[in-house]
>>> print(open('entry-v6.txt').read())   # compact mmCIF, C-alpha atoms
# COMPACT_ATOMS: atom_id res chain seq x y z
CA MET A 1 118.95 136.62 37.22
CA THR A 2 122.39 135.03 37.37
CA ALA A 3 125.13 136.61 39.49
CA LEU A 4 127.93 135.17 37.37
CA HIS A 5 130.71 137.67 36.82
CA LEU A 6 134.22 137.81 35.45
CA GLY A 7 137.20 138.14 37.74
CA SER A 8 138.96 141.48 37.75
CA LYS A 9 141.97 140.19 35.77
CA ALA A 10 139.76 138.68 33.10
CA ALA A 11 137.71 141.86 32.77
CA ALA A 12 140.86 143.98 32.54
CA ALA A 13 142.22 141.66 29.83
CA GLY A 14 139.16 142.32 27.66
CA TYR A 15 137.21 139.11 28.15
CA ARG A 16 133.46 139.35 27.67
CA LEU A 17 130.77 137.36 29.41
CA ALA A 18 127.58 135.75 28.15
CA ALA A 19 125.84 134.40 31.25
CA PHE A 20 122.72 132.24 31.08
CA ASP A 21 120.24 131.39 33.81
CA SER A 22 119.96 128.00 32.09
CA THR A 23 121.08 126.65 28.72
CA GLY A 24 121.42 123.40 26.85
CA SER A 25 125.18 123.55 26.33
CA THR A 26 127.67 126.36 26.86
CA ASN A 27 129.95 124.83 24.22
CA ALA A 28 127.07 124.90 21.73
CA GLU A 29 126.31 128.52 22.62
CA ALA A 30 129.96 129.43 22.03
CA LEU A 31 130.19 127.64 18.68
CA THR A 32 126.93 129.19 17.48
CA SER A 33 128.25 132.64 18.37
CA ALA A 34 131.54 131.95 16.59
CA ARG A 35 129.69 130.97 13.41
CA ALA A 36 127.75 134.23 13.67
CA GLY A 37 130.97 136.26 13.78
CA GLU A 38 131.80 136.48 17.49
CA ALA A 39 135.60 136.85 17.65
CA GLY A 40 136.06 136.46 21.41
CA PRO A 41 137.59 136.15 23.80
CA THR A 42 134.26 135.46 25.47
CA TRP A 43 133.03 133.22 28.29
CA PHE A 44 129.68 131.43 27.99
CA VAL A 45 128.58 130.37 31.45
CA THR A 46 125.61 128.94 33.33
CA THR A 47 124.82 127.30 36.66
CA GLU A 48 122.30 124.95 35.01
CA GLN A 49 123.14 123.01 31.84
CA THR A 50 120.52 120.66 30.47
CA ALA A 51 122.03 119.11 27.33
CA GLY A 52 125.79 119.21 27.68
CA ARG A 53 128.03 116.61 26.11
CA GLY A 54 131.48 115.25 26.65
CA ARG A 55 133.94 113.29 24.62
CA ARG A 56 132.33 110.72 22.30
CA GLN A 57 128.96 112.43 22.85
CA ARG A 58 128.68 111.33 26.48
CA ALA A 59 126.11 113.31 28.43
CA TRP A 60 127.28 116.02 30.82
CA ILE A 61 124.40 117.57 32.73
CA ALA A 62 124.95 120.35 35.27
CA PRO A 63 122.09 120.61 37.79
CA ARG A 64 121.31 124.03 39.24
CA GLY A 65 124.29 125.20 41.29
CA ASN A 66 127.01 123.41 39.33
CA LEU A 67 129.24 125.33 36.93
CA ALA A 68 129.20 124.87 33.15
CA SER A 69 131.61 127.27 31.46
CA SER A 70 133.07 127.59 27.97
CA VAL A 71 135.59 130.10 26.72
CA LEU A 72 135.78 131.06 23.04
CA GLU A 73 139.20 131.98 21.67
CA VAL A 74 139.59 132.75 17.96
CA MET A 75 143.17 132.44 16.75
CA ARG A 76 145.50 131.59 13.91
CA VAL A 77 146.96 128.27 15.03
CA PRO A 78 146.87 124.74 13.59
CA PRO A 79 144.32 122.39 15.18
CA GLY A 80 147.08 120.25 16.67
CA THR A 81 148.48 123.26 18.49
CA ALA A 82 145.02 124.33 19.64
CA ALA A 83 144.51 120.89 21.21
CA THR A 84 147.24 121.60 23.76
CA LEU A 85 145.14 124.45 25.15
CA GLY A 86 143.26 121.83 27.17
CA PHE A 87 146.29 121.40 29.41
CA ALA A 88 146.25 125.12 30.19
CA ALA A 89 142.56 124.76 31.03
CA GLY A 90 143.29 122.01 33.53
CA LEU A 91 145.95 124.14 35.17
CA ALA A 92 143.60 127.14 35.31
CA LEU A 93 140.86 125.16 37.01
CA GLU A 94 143.30 123.57 39.46
CA ALA A 95 144.59 127.03 40.39
CA ALA A 96 141.03 128.30 40.89
CA LEU A 97 140.17 125.28 43.03
CA GLN A 98 143.22 125.84 45.21
CA GLN A 99 142.11 129.45 45.70
CA VAL A 100 138.49 128.77 46.61
CA SER A 101 139.37 125.88 48.95
CA LEU A 102 141.83 127.85 51.10
CA GLU A 103 139.37 128.32 53.95
CA ALA A 104 138.23 124.69 53.92
CA ARG A 105 141.83 123.46 53.93
CA ALA A 106 142.73 125.74 56.84
CA ARG A 107 139.66 124.63 58.80
CA SER A 108 139.97 120.90 58.19
CA GLY A 109 143.66 120.42 57.55
CA ILE A 110 142.70 118.21 54.61
CA ASP A 111 144.63 118.10 51.34
CA PHE A 112 141.86 117.66 48.81
CA GLY A 113 144.29 116.11 46.36
CA PHE A 114 143.46 118.13 43.27
CA ARG A 115 145.19 116.40 40.37
CA LEU A 116 145.08 116.61 36.58
CA LYS A 117 144.26 113.42 34.74
CA TRP A 118 145.10 112.95 31.09
CA PRO A 119 143.61 114.07 28.87
CA ASN A 120 140.85 116.17 30.34
CA ASP A 121 139.78 115.43 33.91
CA VAL A 122 140.38 117.19 37.21
CA LEU A 123 140.32 114.87 40.21
CA ALA A 124 139.87 115.47 43.92
CA SER A 125 140.95 112.70 46.25
CA GLY A 126 141.02 110.34 43.28
CA LYS A 127 137.45 111.09 42.18
CA LYS A 128 136.31 113.06 39.16
CA LEU A 129 135.47 116.65 40.03
CA ALA A 130 135.52 118.26 36.58
CA GLY A 131 135.85 117.54 32.89
CA ILE A 132 137.21 119.55 29.99
CA LEU A 133 136.13 119.36 26.35
CA LEU A 134 137.77 121.19 23.44
CA GLU A 135 135.96 121.81 20.16
CA ALA A 136 137.16 123.82 17.18
CA GLU A 137 135.86 125.04 13.83
CA ASN A 138 137.38 127.11 11.04
CA VAL A 139 135.86 130.58 10.77
CA GLY A 140 137.30 132.38 7.77
CA ASP A 141 141.08 132.18 7.98
CA ARG A 142 141.11 131.55 11.73
CA LEU A 143 140.24 128.77 14.13
CA ALA A 144 137.47 129.20 16.66
CA VAL A 145 138.48 127.16 19.70
CA VAL A 146 135.98 126.48 22.48
CA VAL A 147 137.24 125.14 25.79
CA GLY A 148 134.41 123.77 27.89
CA ILE A 149 134.93 123.21 31.60
CA GLY A 150 132.25 121.51 33.68
CA THR A 151 132.70 121.41 37.47
CA ASN A 152 130.67 119.57 40.11
CA VAL A 153 130.07 122.32 42.65
CA ILE A 154 127.02 121.17 44.63
CA ALA A 155 126.30 117.74 43.13
CA ALA A 156 128.08 114.90 41.36
CA PRO A 157 126.52 112.18 39.21
CA THR A 158 125.98 108.84 40.92
CA ASP A 159 125.01 106.62 37.97
CA THR A 160 128.48 106.59 36.43
CA PRO A 161 131.00 103.77 35.90
CA TYR A 162 133.65 105.85 37.70
CA PRO A 163 133.61 107.66 41.06
CA ALA A 164 132.68 111.34 40.95
CA VAL A 165 132.64 114.00 43.65
CA SER A 166 131.46 117.56 44.18
CA LEU A 167 133.02 120.44 46.08
CA HIS A 168 130.08 120.20 48.48
CA ASP A 169 130.89 116.53 49.12
CA LEU A 170 134.44 117.58 50.01
CA GLY A 171 133.24 120.16 52.51
CA ILE A 172 134.23 123.11 50.32
CA SER A 173 131.52 125.76 50.55
CA VAL A 174 131.80 127.90 47.43
CA SER A 175 129.28 129.13 44.91
CA ALA A 176 129.52 128.50 41.18
CA GLU A 177 129.70 132.28 40.79
CA ASP A 178 132.79 132.65 42.99
CA LEU A 179 134.48 129.64 41.41
CA PHE A 180 133.91 131.08 37.96
CA ALA A 181 135.40 134.45 38.91
CA ALA A 182 138.54 132.67 40.13
CA LEU A 183 138.60 130.44 37.04
CA SER A 184 138.30 133.34 34.59
CA ASP A 185 141.24 135.09 36.24
CA ALA A 186 143.37 131.94 36.31
CA TRP A 187 142.51 131.27 32.67
CA THR A 188 143.68 134.75 31.71
CA GLU A 189 147.09 134.00 33.21
CA LEU A 190 147.47 130.47 31.82
CA ARG A 191 146.20 131.46 28.36
CA GLY A 192 148.92 134.11 28.33
CA ILE A 193 151.58 131.59 29.28
CA TRP A 194 150.35 129.16 26.61
CA ASP A 195 150.74 132.02 24.09
CA ASP A 196 149.22 130.36 20.99
CA GLY A 197 151.22 127.23 21.70
CA ARG A 198 154.60 128.89 22.02
CA GLY A 199 154.51 128.47 25.79
CA PHE A 200 153.39 124.83 25.81
CA PRO A 201 156.75 123.60 27.18
CA GLU A 202 156.06 125.59 30.37
CA ILE A 203 152.44 124.44 30.44
CA ARG A 204 153.63 120.85 30.02
CA ARG A 205 156.11 121.23 32.87
CA ARG A 206 153.46 122.59 35.23
CA TRP A 207 150.89 120.01 34.15
CA LEU A 208 153.27 117.10 34.82
CA GLU A 209 153.89 118.46 38.33
CA ARG A 210 150.17 118.03 39.01
CA ALA A 211 149.54 114.89 36.97
CA ALA A 212 147.57 111.99 38.41
CA GLY A 213 149.10 108.57 37.98
CA LEU A 214 152.52 109.64 36.69
CA GLY A 215 154.85 106.67 36.97
CA GLU A 216 151.97 104.30 37.75
CA PRO A 217 150.58 101.35 35.78
CA VAL A 218 148.03 102.51 33.24
CA SER A 219 145.59 100.95 30.81
CA ILE A 220 144.44 102.93 27.76
CA ARG A 221 141.30 101.64 26.13
CA SER A 222 140.00 102.73 22.74
CA GLY A 223 137.16 100.72 21.27
CA ASP A 224 138.05 97.05 21.60
CA SER A 225 141.79 97.64 21.92
CA ALA A 226 143.83 98.24 25.05
CA LEU A 227 147.40 99.30 25.74
CA GLU A 228 149.00 98.64 29.10
CA GLY A 229 152.19 99.91 30.65
CA VAL A 230 153.39 102.76 32.84
CA PHE A 231 152.38 106.42 32.46
CA ASP A 232 155.79 107.82 31.57
CA SER A 233 155.10 111.44 30.51
CA ILE A 234 153.31 113.57 27.94
CA ASP A 235 155.17 114.69 24.84
CA ASP A 236 155.44 118.10 23.20
CA THR A 237 152.13 117.59 21.39
CA GLY A 238 150.23 116.49 24.50
CA CYS A 239 150.18 112.77 23.73
CA LEU A 240 150.38 110.45 26.71
CA ILE A 241 153.54 108.34 26.63
CA VAL A 242 153.12 104.76 27.81
CA ARG A 243 156.26 102.76 28.63
CA THR A 244 155.50 99.13 27.89
CA THR A 245 157.04 96.05 29.52
CA ASP A 246 159.37 95.60 26.55
CA GLY A 247 160.75 99.14 26.98
CA ARG A 248 158.92 100.87 24.15
CA ARG A 249 157.59 104.39 24.71
CA VAL A 250 154.26 104.51 22.88
CA PRO A 251 152.46 107.83 22.26
CA VAL A 252 148.68 107.81 22.74
CA SER A 253 146.54 110.62 21.34
CA ALA A 254 143.10 109.47 22.53
CA GLY A 255 141.45 106.88 24.73
CA ASP A 256 139.96 106.18 28.16
CA VAL A 257 142.61 106.08 30.87
CA TYR A 258 142.42 103.71 33.81
CA PHE A 259 144.58 104.05 36.91
CA LYS A 260 143.59 101.60 39.62
CA GLY A 261 140.11 101.24 38.13
CA VAL A 262 139.25 104.92 37.79
CA ALA A 263 138.10 105.85 34.30
CA SER A 264 138.84 109.10 32.55
CA MET A 265 135.70 110.33 30.82
CA GLY A 266 136.07 114.04 30.27
CA ALA A 267 133.10 116.21 29.52
CA ALA A 268 131.93 119.76 29.62
>>> encode(input="entry-v6.txt", output="structure tokens")
Amino acid sequence: MTALHLGSKAAAAGYRLAAFDSTGSTNAEALTSARAGEAGPTWFVTTEQTAGRGRRQRAWIAPRGNLASSVLEVMRVPPGTAATLGFAAGLALEAALQQVSLEARARSGIDFGFRLKWPNDVLASGKKLAGILLEAENVGDRLAVVVGIGTNVIAAPTDTPYPAVSLHDLGISVSAEDLFAALSDAWTELRGIWDDGRGFPEIRRRWLERAAGLGEPVSIRSGDSALEGVFDSIDDTGCLIVRTTDGRRVPVSAGDVYFKGVASMGAA
């Protein structure tokens, strides 16, 4: 039986929890529930995910002890506005990671370098620690938005074209259960600040403070095309702004991001 539990702030805010000992995909569980009439807000969580997926259908498997979590929010917002919720998710996870790593930081004196990488990765010391995946479907006159967050707690994949890391690798001893409790509370706060998109300017400001690679050379690859320049900012819709050598500021809505050879391949 899983010991996963909501944080006190999340429980007080009315969030519900569907915890699984093991499941194929927490995002799939959330979407299935939304189609069946679940109105949220509800977390779907497991410490063992066997058939998860990321952007562009990339696999995202969570071995026993890692954290796969998806939150279902049903709202009346346009899809473009809902997409900016992913930035709030990154901030929520970064806040939870700062909380659960306090003891390890005090003991080691190490700054684990938690950073947010556009569009959907959380890094630690330059390596991928977590990925975020948003999915949405219309249900009646509202939009069911699922925010999936997958975090490497005890193990990180090794057969990947980009470096990955786990909390265990970093010397941070925390359970998936305790991380989730902290995450659910942080999400409650950041979801409130986001406020159906009205608070995205504040989310954007906070996200940029924690952004990986800001001001650095960047390569955005999508299919066979590539755009190179400097990571200048994100705009008010969440697009990455690349400043090219000829001075143009080009918005990018999707693609794999490379800073110094590290790929961004978000998943949950």
>>> residues_around(input="entry-v6.txt", residues="region 204-219 of chain A", least_positions_apart="5", cutoff="7 Å", atoms="all atoms listed in the file", output="number ranges by chain")
A: 87, 91, 115-117, 226-233, 257-259
>>> atom_distance(input="entry-v6.txt", atom1="CA of Phe20 (chain A)", atom2="CA of Ile154 (chain A)")
18.0 Å
>>> residues_around(input="entry-v6.txt", residues="Leu97 (chain A)", least_positions_apart="6", cutoff="9 Å", atoms="only C-alpha atoms", output="list of chain:residue names")
A:Phe114, A:Leu179, A:Ala182, A:Leu183
>>> closest_residue(input="entry-v6.txt", among="A:Ser225, A:Thr244, A:Thr47, A:Thr84", to="Asn152 (chain A)", atoms="all atoms listed in the file")
A:Thr47
>>> atom_distance(input="entry-v6.txt", atom1="CA of Glu48 (chain A)", atom2="CA of Ser166 (chain A)")
14.9 Å
>>> closest_residue(input="entry-v6.txt", among="A:Gly40, A:Pro201, A:Gly192, A:Gly171", to="Arg105 (chain A)", atoms="all atoms listed in the file")
A:Gly171
>>> atom_distance(input="entry-v6.txt", atom1="CA of Thr81 (chain A)", atom2="CA of Gly7 (chain A)")
26.8 Å
>>> decode(input="entry-v6.txt", residues="region 108-138 of chain A", atoms="N, CA, C and O atoms", output="tab-separated table (two decimals), in the first residue's frame")
chain	number	residue	atom	x	y	z
A	108	SER	N	26.33	19.33	3.47
A	108	SER	CA	27.41	19.27	2.48
A	108	SER	C	27.93	20.64	2.06
A	108	SER	O	29.04	20.74	1.54
A	109	GLY	N	27.10	21.66	2.25
A	109	GLY	CA	27.48	22.98	1.78
A	109	GLY	C	27.40	23.12	0.27
A	109	GLY	O	27.89	24.10	-0.31
A	110	ILE	N	26.75	22.16	-0.38
A	110	ILE	CA	26.67	22.15	-1.84
A	110	ILE	C	25.42	22.87	-2.32
A	110	ILE	O	24.32	22.68	-1.78
A	111	ASP	N	25.56	23.72	-3.33
A	111	ASP	CA	24.42	24.28	-4.04
A	111	ASP	C	24.10	23.32	-5.18
A	111	ASP	O	24.91	23.14	-6.10
A	112	PHE	N	22.96	22.68	-5.11
A	112	PHE	CA	22.64	21.66	-6.10
A	112	PHE	C	22.26	22.24	-7.46
A	112	PHE	O	22.06	21.50	-8.42
A	113	GLY	N	22.16	23.54	-7.53
A	113	GLY	CA	21.98	24.19	-8.83
A	113	GLY	C	20.67	23.87	-9.50
A	113	GLY	O	20.64	23.61	-10.72
A	114	PHE	N	19.57	23.85	-8.75
A	114	PHE	CA	18.28	23.60	-9.37
A	114	PHE	C	17.95	24.77	-10.30
A	114	PHE	O	17.94	25.93	-9.89
A	115	ARG	N	17.68	24.45	-11.56
A	115	ARG	CA	17.36	25.47	-12.54
A	115	ARG	C	16.21	24.97	-13.43
A	115	ARG	O	16.01	23.77	-13.60
A	116	LEU	N	15.50	25.92	-14.02
A	116	LEU	CA	14.37	25.60	-14.89
A	116	LEU	C	14.81	25.80	-16.34
A	116	LEU	O	15.33	26.85	-16.70
A	117	LYS	N	14.61	24.78	-17.14
A	117	LYS	CA	15.05	24.81	-18.52
A	117	LYS	C	13.86	24.78	-19.46
A	117	LYS	O	13.02	23.88	-19.39
A	118	TRP	N	13.79	25.76	-20.32
A	118	TRP	CA	12.67	25.86	-21.26
A	118	TRP	C	12.66	24.66	-22.19
A	118	TRP	O	13.71	24.21	-22.65
A	119	PRO	N	11.46	24.10	-22.47
A	119	PRO	CA	10.18	24.54	-21.91
A	119	PRO	C	9.73	23.77	-20.67
A	119	PRO	O	8.79	24.18	-20.02
A	120	ASN	N	10.38	22.65	-20.36
A	120	ASN	CA	9.72	21.75	-19.42
A	120	ASN	C	10.66	20.85	-18.62
A	120	ASN	O	10.25	19.78	-18.19
A	121	ASP	N	11.89	21.25	-18.44
A	121	ASP	CA	12.82	20.44	-17.65
A	121	ASP	C	13.20	21.15	-16.36
A	121	ASP	O	13.21	22.38	-16.31
A	122	VAL	N	13.53	20.35	-15.35
A	122	VAL	CA	14.16	20.88	-14.14
A	122	VAL	C	15.54	20.23	-14.05
A	122	VAL	O	15.67	19.00	-14.12
A	123	LEU	N	16.56	21.05	-13.93
A	123	LEU	CA	17.94	20.58	-13.90
A	123	LEU	C	18.51	20.67	-12.50
A	123	LEU	O	18.09	21.51	-11.69
A	124	ALA	N	19.48	19.83	-12.23
A	124	ALA	CA	20.29	19.92	-11.02
A	124	ALA	C	21.74	19.77	-11.44
A	124	ALA	O	22.10	18.79	-12.10
A	125	SER	N	22.53	20.77	-11.13
A	125	SER	CA	23.94	20.78	-11.53
A	125	SER	C	24.10	20.52	-13.02
A	125	SER	O	25.01	19.80	-13.46
A	126	GLY	N	23.19	21.07	-13.82
A	126	GLY	CA	23.27	20.97	-15.26
A	126	GLY	C	22.73	19.69	-15.86
A	126	GLY	O	22.74	19.52	-17.08
A	127	LYS	N	22.26	18.77	-15.02
A	127	LYS	CA	21.73	17.50	-15.51
A	127	LYS	C	20.23	17.43	-15.28
A	127	LYS	O	19.70	18.04	-14.34
A	128	LYS	N	19.55	16.66	-16.12
A	128	LYS	CA	18.09	16.60	-16.04
A	128	LYS	C	17.64	15.79	-14.84
A	128	LYS	O	17.96	14.61	-14.69
A	129	LEU	N	16.87	16.44	-13.98
A	129	LEU	CA	16.32	15.80	-12.79
A	129	LEU	C	14.85	15.47	-12.96
A	129	LEU	O	14.36	14.50	-12.39
A	130	ALA	N	14.13	16.27	-13.73
A	130	ALA	CA	12.68	16.10	-13.85
A	130	ALA	C	12.20	16.65	-15.18
A	130	ALA	O	12.84	17.52	-15.79
A	131	GLY	N	11.06	16.15	-15.62
A	131	GLY	CA	10.42	16.64	-16.83
A	131	GLY	C	8.95	16.89	-16.58
A	131	GLY	O	8.32	16.27	-15.72
A	132	ILE	N	8.39	17.82	-17.34
A	132	ILE	CA	7.00	18.23	-17.19
A	132	ILE	C	6.31	18.09	-18.54
A	132	ILE	O	6.86	18.49	-19.57
A	133	LEU	N	5.11	17.54	-18.54
A	133	LEU	CA	4.33	17.37	-19.76
A	133	LEU	C	2.90	17.82	-19.52
A	133	LEU	O	2.24	17.34	-18.60
A	134	LEU	N	2.43	18.77	-20.34
A	134	LEU	CA	1.04	19.23	-20.27
A	134	LEU	C	0.23	18.59	-21.38
A	134	LEU	O	0.69	18.51	-22.54
A	135	GLU	N	-0.97	18.14	-21.03
A	135	GLU	CA	-1.94	17.64	-22.01
A	135	GLU	C	-3.30	18.23	-21.67
A	135	GLU	O	-3.60	18.47	-20.50
A	136	ALA	N	-4.11	18.46	-22.69
A	136	ALA	CA	-5.41	19.08	-22.44
A	136	ALA	C	-6.45	18.53	-23.42
A	136	ALA	O	-6.13	18.22	-24.57
A	137	GLU	N	-7.67	18.44	-22.93
A	137	GLU	CA	-8.81	18.02	-23.76
A	137	GLU	C	-10.03	18.84	-23.36
A	137	GLU	O	-10.19	19.20	-22.19
A	138	ASN	N	-10.90	19.11	-24.34
A	138	ASN	CA	-12.17	19.76	-24.02
A	138	ASN	C	-13.10	18.75	-23.38
A	138	ASN	O	-13.26	17.63	-23.87
